[in-house]
Amino acid sequence: MTTNRISVLSVLVANQIAAGEVIERPASVVKELLENSLDAGADRIDIEIEQGGARLIRVTDNGHGIHKEDLMLAMSRHATSKINHADDLSKINTLGFRGEALASISSVSRLQLISAENNANAWQIATEGEYQGEVTPASHARGTTIKVMDLFFNMPARRKFLRVEKTEFDHIDELVKRMALATPLVGYQLKHNKRTIRHYLKATTEAGMHERLSALCGHTFLEHAIKISAETANMSLHGWLALPAFSRSQADLQYLYVNQRMVRDKLLSHALRQAYHDVLYRDRYPAYILFLNVSPSHIDVNVHPTKHEVRFRESRLVHDFIVRSVQDALSHPNDTSNKNEALTMPLTNIAFEKELPIKELPIKEQVTLYHSLNHADDHQHDHQHHDHHHDHQHADDEIADIKNSEGIPPLGFALAQIKGIFILAENENGLLIIDMHAAHERIIYEKMKTSLAKESLVIQKLLFPITIKLNQREMTITETHDTFFKHLGFHIGPFSHDSVVVREVPQLLAEGPIEQLVRDIITDLLSNESSSRYEERTNHVLATLACHRSVRAHRQLTVPEMNALLREMEQTAHCGQCNHGRPTYVEFSVTELDQFFMRGK
């Protein structure tokens, strides 16, 4: 058998191999060209597409342009103006930096580049596969136009992998949408087959940003969105979080950026799932637009040709920062720091404007009556029901005093109870319907979590220790994270070269599937360097306990009891959902009620 001799690849083949890594489909070309336009300081970008990008992709910007002498270099591989030394890779502040895009694109298409630097004379150059023309004069305003024609014309096998025209354009449309979200000060126009499809104006004001977000993500998202803003010494997180009431059946409204760069990162996705897991129902997905800014020296963006992936120097710190920040924002959705003045959010499903501590309310018996819900026997309940009329009248009198002196609380005042299940209440906006069991369940759940966090962890020795067989990687990760397991309340030690023994566990989880939980934690540590399995399992146990301890359906409550429940809800984190992610109440404004009954028509 003969062996082929080693030879140097031709420039064309090398560029086409690079194109195979960078240029997956027409949307990949658009991404590279848009990133170049943004790096050039453009604030206006026009994109013209024909036949889903297979026939034509034209991107025109008003950036600072390319110098005449650099046009030939721009088509060369590994030629860039964005880095000069190896040290520059640790402080990248631009979207592009590899110097591969134009060389790769030109190797698989017919490309024309026209550019004018700072209103100087314009120049152009054309390429076709391995052929590269000369630099010649042209007519063009300040900026650059790049025209990519007949993508993969010289690679028929790759061209066959392109999808139908609509599918390819949909990918381009979504890409432009993601770019527009990250760059509000840039205007975009997108045309397909000579027809304008999108026109995003520059958002230089709060109202302009409102319009852009509405156009990109829909008005319903804005109605349920809160702002998030958090920072530490080396990173910050800001953007918009959809409240759990606006969950999705798929992950189609999740936009995540790191230093303005679109990313798909497992660590960050895991952090966001963990932050939302306590408030979402079953297999629902959260919606968000988030921008994480990290010091360039703490992040490596040079880990993938398409630059979709990043690597953090301190991944655990980043993960925990996101979880803590998102959970805090969701726990206090109407703090002034989370208010989005541009969105003018209505009080829908979960929103309320301020907290009113129970002790400040003049209806003093509310607290006593509320606490009696968990302890009252049937005799006490019958006695309360007997005095219901007197309590109702007394509560009505004091409610009137509150309305006159302190204003109406966010969740208003109870009017009546339906079938022993729902509470009807009135606030300044209109009518609320509260699921009393779900609401009380959340209140107890949050109190139990707080109590558990404040008390020392109770450890239980297993009467029969559990032996778990592991592979070598799992054994290593278990040994490496021994301190982490001890912090969670697990005593895990080596049993043999391929197994460990669990001798102690948190008392709260002693009756659960210990082996499966330990294996799940190890799997998380292998892939994410962190694990939330313990917290999730603990919260699941607490949720079950809270469900059994909460006031049951068909329980008749007095008006003061119902009002006390509303006041407790106003002071409870995530009060808009029960422990299983279901809504605890809904609100109907007077306008919505008018529309329902067709008043005024």
# chains A, B, ... in the order shown; residues from 1 in each chain; ligands from 1
$ select_by_dssp --residues "segment 79-328 of chain A" --states "strand (DSSP E)" --output "ChimeraX atom specification"
/A:110-116,122-128,131-132,136-138,143-149,187-192,195-200,225-231,235-242,254-258,261-262,288-294,299-300,311-312
$ residues_around --residues "Asp46 of chain A" --least-positions-apart "2" --cutoff "12 Å" --atoms "only C-alpha atoms" --output "ChimeraX atom specification"
/A:30,33-34,37,42-44,48-49,57-63,143-147,176,186-192,196-201
$ closest_residue --among "A:Asp435, A:Glu314, A:Glu309, A:Glu592" --to "Leu565 of chain A" --atoms "only C-alpha atoms"
A:Asp435
$ atom_distance --atom1 "atom CA of Arg212 of chain A" --atom2 "atom CA of Phe291 of chain A"
16.3 Å
$ residues_around --residues "Tyr585 of chain A" --least-positions-apart "2" --cutoff "9 Å" --atoms "only C-alpha atoms" --output "short mmCIF file (atom, residue, chain, number, x, y, z; two decimals) with N, CA, C and O atoms, in the first residue's frame"
data_model
loop_
_atom_site.label_atom_id
_atom_site.label_comp_id
_atom_site.auth_asym_id
_atom_site.auth_seq_id
_atom_site.Cartn_x
_atom_site.Cartn_y
_atom_site.Cartn_z
N ASN A 349 -51.79 39.59 35.89
CA ASN A 349 -51.45 38.29 36.45
C ASN A 349 -50.61 38.33 37.71
O ASN A 349 -50.93 37.72 38.69
N ILE A 350 -49.47 39.05 37.69
CA ILE A 350 -48.54 38.92 38.81
C ILE A 350 -48.03 40.26 39.27
O ILE A 350 -47.40 40.39 40.30
N LEU A 432 -60.18 40.77 40.34
CA LEU A 432 -59.21 39.70 40.44
C LEU A 432 -59.91 38.42 40.87
O LEU A 432 -60.84 38.45 41.66
N ILE A 433 -59.45 37.29 40.31
CA ILE A 433 -59.93 35.97 40.73
C ILE A 433 -58.72 35.21 41.24
O ILE A 433 -57.75 34.99 40.50
N ILE A 434 -58.76 34.81 42.51
CA ILE A 434 -57.62 34.19 43.17
C ILE A 434 -57.93 32.74 43.49
O ILE A 434 -58.99 32.42 44.05
N ASP A 435 -57.04 31.84 43.12
CA ASP A 435 -57.12 30.44 43.53
C ASP A 435 -56.53 30.36 44.93
O ASP A 435 -55.32 30.41 45.12
N MET A 436 -57.37 30.23 45.96
CA MET A 436 -56.89 30.40 47.33
C MET A 436 -55.93 29.27 47.73
O MET A 436 -54.97 29.52 48.48
N ALA A 438 -53.83 27.57 45.69
CA ALA A 438 -52.56 27.81 45.01
C ALA A 438 -51.80 28.97 45.65
O ALA A 438 -50.59 28.91 45.82
N ALA A 439 -52.52 30.03 46.00
CA ALA A 439 -51.88 31.19 46.61
C ALA A 439 -51.30 30.84 47.98
O ALA A 439 -50.16 31.20 48.29
N CYS A 575 -45.48 35.36 44.00
CA CYS A 575 -46.86 35.11 44.43
C CYS A 575 -47.79 34.90 43.24
O CYS A 575 -48.94 34.51 43.42
N GLY A 576 -47.35 35.14 42.03
CA GLY A 576 -48.21 34.96 40.87
C GLY A 576 -48.34 33.52 40.41
O GLY A 576 -49.17 33.22 39.56
N GLN A 577 -47.49 32.61 40.98
CA GLN A 577 -47.57 31.21 40.60
C GLN A 577 -47.52 30.35 41.85
O GLN A 577 -46.87 30.67 42.83
N PRO A 583 -50.75 29.65 37.59
CA PRO A 583 -51.07 31.00 38.11
C PRO A 583 -51.90 30.92 39.37
O PRO A 583 -52.75 30.05 39.52
N GLU A 587 -56.27 38.83 36.54
CA GLU A 587 -56.87 40.15 36.74
C GLU A 587 -57.56 40.60 35.45
O GLU A 587 -57.04 40.40 34.35
#
$ closest_residue --among "A:Leu566, A:Ala543, A:Ile228, A:Ala453" --to "Phe413 of chain A" --atoms "only C-alpha atoms"
A:Leu566
$ atom_distance --atom1 "atom CA of His332 of chain A" --atom2 "atom CA of Leu241 of chain A"
12.0 Å
$ atom_distance --atom1 "atom CA of Gln327 of chain A" --atom2 "atom CA of Ala425 of chain A"
28.2 Å
$ select_by_dssp --residues "segment 54-246 of chain A" --states "alpha helix (DSSP H)" --output "PyMOL selection string"
chain A and resi 71-74+101-107+156-160+165-182+206-217+219-223
$ write_last_selection --atoms "N, CA and C atoms" --output "short mmCIF file (atom, residue, chain, number, x, y, z; two decimals), in the first residue's frame"
data_model
loop_
_atom_site.label_atom_id
_atom_site.label_comp_id
_atom_site.auth_asym_id
_atom_site.auth_seq_id
_atom_site.Cartn_x
_atom_site.Cartn_y
_atom_site.Cartn_z
N LEU A 71 -7.86 46.83 0.02
CA LEU A 71 -8.90 46.03 -0.61
C LEU A 71 -8.40 44.64 -1.00
N MET A 72 -7.19 44.58 -1.56
CA MET A 72 -6.65 43.28 -1.93
C MET A 72 -6.43 42.41 -0.70
N LEU A 73 -5.91 43.03 0.38
CA LEU A 73 -5.66 42.29 1.61
C LEU A 73 -6.96 41.79 2.24
N ALA A 74 -8.03 42.57 2.08
CA ALA A 74 -9.30 42.20 2.69
C ALA A 74 -9.79 40.84 2.21
N ALA A 101 -13.48 35.70 7.09
CA ALA A 101 -14.82 35.79 6.50
C ALA A 101 -14.79 36.04 5.00
N LEU A 102 -14.21 37.17 4.59
CA LEU A 102 -14.27 37.52 3.17
C LEU A 102 -13.52 36.52 2.31
N ALA A 103 -12.39 36.02 2.80
CA ALA A 103 -11.63 35.03 2.04
C ALA A 103 -12.45 33.75 1.86
N SER A 104 -13.12 33.32 2.92
CA SER A 104 -13.92 32.10 2.85
C SER A 104 -15.13 32.30 1.93
N ILE A 105 -15.82 33.43 2.09
CA ILE A 105 -17.01 33.69 1.27
C ILE A 105 -16.63 33.80 -0.20
N SER A 106 -15.55 34.52 -0.50
CA SER A 106 -15.16 34.72 -1.90
C SER A 106 -14.73 33.43 -2.57
N SER A 107 -14.29 32.44 -1.78
CA SER A 107 -13.84 31.18 -2.37
C SER A 107 -15.00 30.29 -2.81
N PRO A 156 -21.06 22.18 -6.00
CA PRO A 156 -22.44 21.69 -6.19
C PRO A 156 -22.92 20.77 -5.07
N ALA A 157 -22.02 20.01 -4.47
CA ALA A 157 -22.43 19.12 -3.38
C ALA A 157 -22.95 19.94 -2.19
N ARG A 158 -22.24 21.04 -1.87
CA ARG A 158 -22.68 21.90 -0.78
C ARG A 158 -23.99 22.62 -1.14
N ARG A 159 -24.12 23.02 -2.39
CA ARG A 159 -25.32 23.75 -2.82
C ARG A 159 -26.57 22.86 -2.69
N LYS A 160 -26.41 21.56 -2.87
CA LYS A 160 -27.55 20.65 -2.75
C LYS A 160 -28.08 20.58 -1.33
N GLU A 165 -36.16 27.95 -0.53
CA GLU A 165 -35.93 29.40 -0.44
C GLU A 165 -36.51 30.01 0.84
N LYS A 166 -37.74 29.63 1.19
CA LYS A 166 -38.38 30.22 2.37
C LYS A 166 -37.61 29.87 3.65
N THR A 167 -37.17 28.62 3.75
CA THR A 167 -36.44 28.20 4.95
C THR A 167 -35.14 28.99 5.10
N GLU A 168 -34.40 29.14 4.00
CA GLU A 168 -33.13 29.87 4.08
C GLU A 168 -33.37 31.35 4.43
N PHE A 169 -34.43 31.93 3.88
CA PHE A 169 -34.69 33.33 4.21
C PHE A 169 -35.14 33.48 5.65
N ASP A 170 -35.91 32.51 6.16
CA ASP A 170 -36.34 32.58 7.55
C ASP A 170 -35.13 32.61 8.49
N HIS A 171 -34.09 31.88 8.15
CA HIS A 171 -32.86 31.91 8.96
C HIS A 171 -32.22 33.29 8.91
N ILE A 172 -32.24 33.91 7.74
CA ILE A 172 -31.68 35.26 7.62
C ILE A 172 -32.52 36.25 8.39
N ASP A 173 -33.83 36.13 8.29
CA ASP A 173 -34.75 37.02 9.00
C ASP A 173 -34.52 36.95 10.51
N GLU A 174 -34.38 35.74 11.04
CA GLU A 174 -34.13 35.55 12.48
C GLU A 174 -32.77 36.12 12.88
N LEU A 175 -31.79 35.96 12.02
CA LEU A 175 -30.45 36.51 12.31
C LEU A 175 -30.50 38.02 12.41
N VAL A 176 -31.16 38.68 11.46
CA VAL A 176 -31.25 40.13 11.48
C VAL A 176 -32.01 40.58 12.72
N LYS A 177 -33.02 39.85 13.10
CA LYS A 177 -33.77 40.15 14.31
C LYS A 177 -32.86 40.13 15.53
N ARG A 178 -32.03 39.09 15.63
CA ARG A 178 -31.11 38.98 16.78
C ARG A 178 -30.09 40.11 16.78
N MET A 179 -29.61 40.48 15.61
CA MET A 179 -28.66 41.59 15.51
C MET A 179 -29.34 42.89 15.93
N ALA A 180 -30.57 43.10 15.49
CA ALA A 180 -31.28 44.34 15.79
C ALA A 180 -31.57 44.48 17.27
N LEU A 181 -31.79 43.36 17.96
CA LEU A 181 -32.01 43.41 19.40
C LEU A 181 -30.77 43.90 20.13
N ALA A 182 -29.60 43.49 19.64
CA ALA A 182 -28.35 43.82 20.33
C ALA A 182 -27.82 45.21 19.99
N GLU A 206 -36.38 55.97 24.61
CA GLU A 206 -37.08 54.86 25.26
C GLU A 206 -38.28 54.43 24.42
N ALA A 207 -38.99 55.41 23.88
CA ALA A 207 -40.14 55.08 23.04
C ALA A 207 -39.71 54.32 21.80
N GLY A 208 -38.57 54.72 21.23
CA GLY A 208 -38.06 54.01 20.06
C GLY A 208 -37.67 52.58 20.38
N MET A 209 -37.07 52.39 21.57
CA MET A 209 -36.71 51.03 21.99
C MET A 209 -37.97 50.20 22.21
N HIS A 210 -39.00 50.83 22.74
CA HIS A 210 -40.28 50.15 22.94
C HIS A 210 -40.82 49.66 21.60
N GLU A 211 -40.76 50.51 20.58
CA GLU A 211 -41.26 50.13 19.26
C GLU A 211 -40.44 48.98 18.67
N ARG A 212 -39.11 49.06 18.85
CA ARG A 212 -38.27 48.00 18.28
C ARG A 212 -38.54 46.67 18.98
N LEU A 213 -38.61 46.68 20.30
CA LEU A 213 -38.89 45.45 21.03
C LEU A 213 -40.25 44.87 20.65
N SER A 214 -41.23 45.77 20.49
CA SER A 214 -42.56 45.32 20.11
C SER A 214 -42.54 44.68 18.72
N ALA A 215 -41.78 45.28 17.80
CA ALA A 215 -41.70 44.75 16.44
C ALA A 215 -40.96 43.41 16.41
N LEU A 216 -39.94 43.29 17.27
CA LEU A 216 -39.10 42.10 17.24
C LEU A 216 -39.67 40.94 18.06
N CYS A 217 -40.26 41.24 19.20
CA CYS A 217 -40.68 40.18 20.12
C CYS A 217 -42.17 40.14 20.39
N HIS A 219 -45.94 42.56 21.19
CA HIS A 219 -46.45 43.41 22.26
C HIS A 219 -46.78 42.61 23.52
N THR A 220 -47.19 41.36 23.34
CA THR A 220 -47.54 40.54 24.50
C THR A 220 -46.32 40.30 25.38
N PHE A 221 -45.17 40.09 24.76
CA PHE A 221 -43.93 39.93 25.54
C PHE A 221 -43.69 41.16 26.40
N LEU A 222 -43.87 42.34 25.81
CA LEU A 222 -43.61 43.57 26.55
C LEU A 222 -44.58 43.73 27.71
N GLU A 223 -45.81 43.29 27.54
CA GLU A 223 -46.79 43.41 28.62
C GLU A 223 -46.38 42.60 29.84
#
$ closest_residue --among "A:Ser550, A:Asn293, A:Thr584, A:Ser496" --to "Gly239 of chain A" --atoms "only C-alpha atoms"
A:Asn293
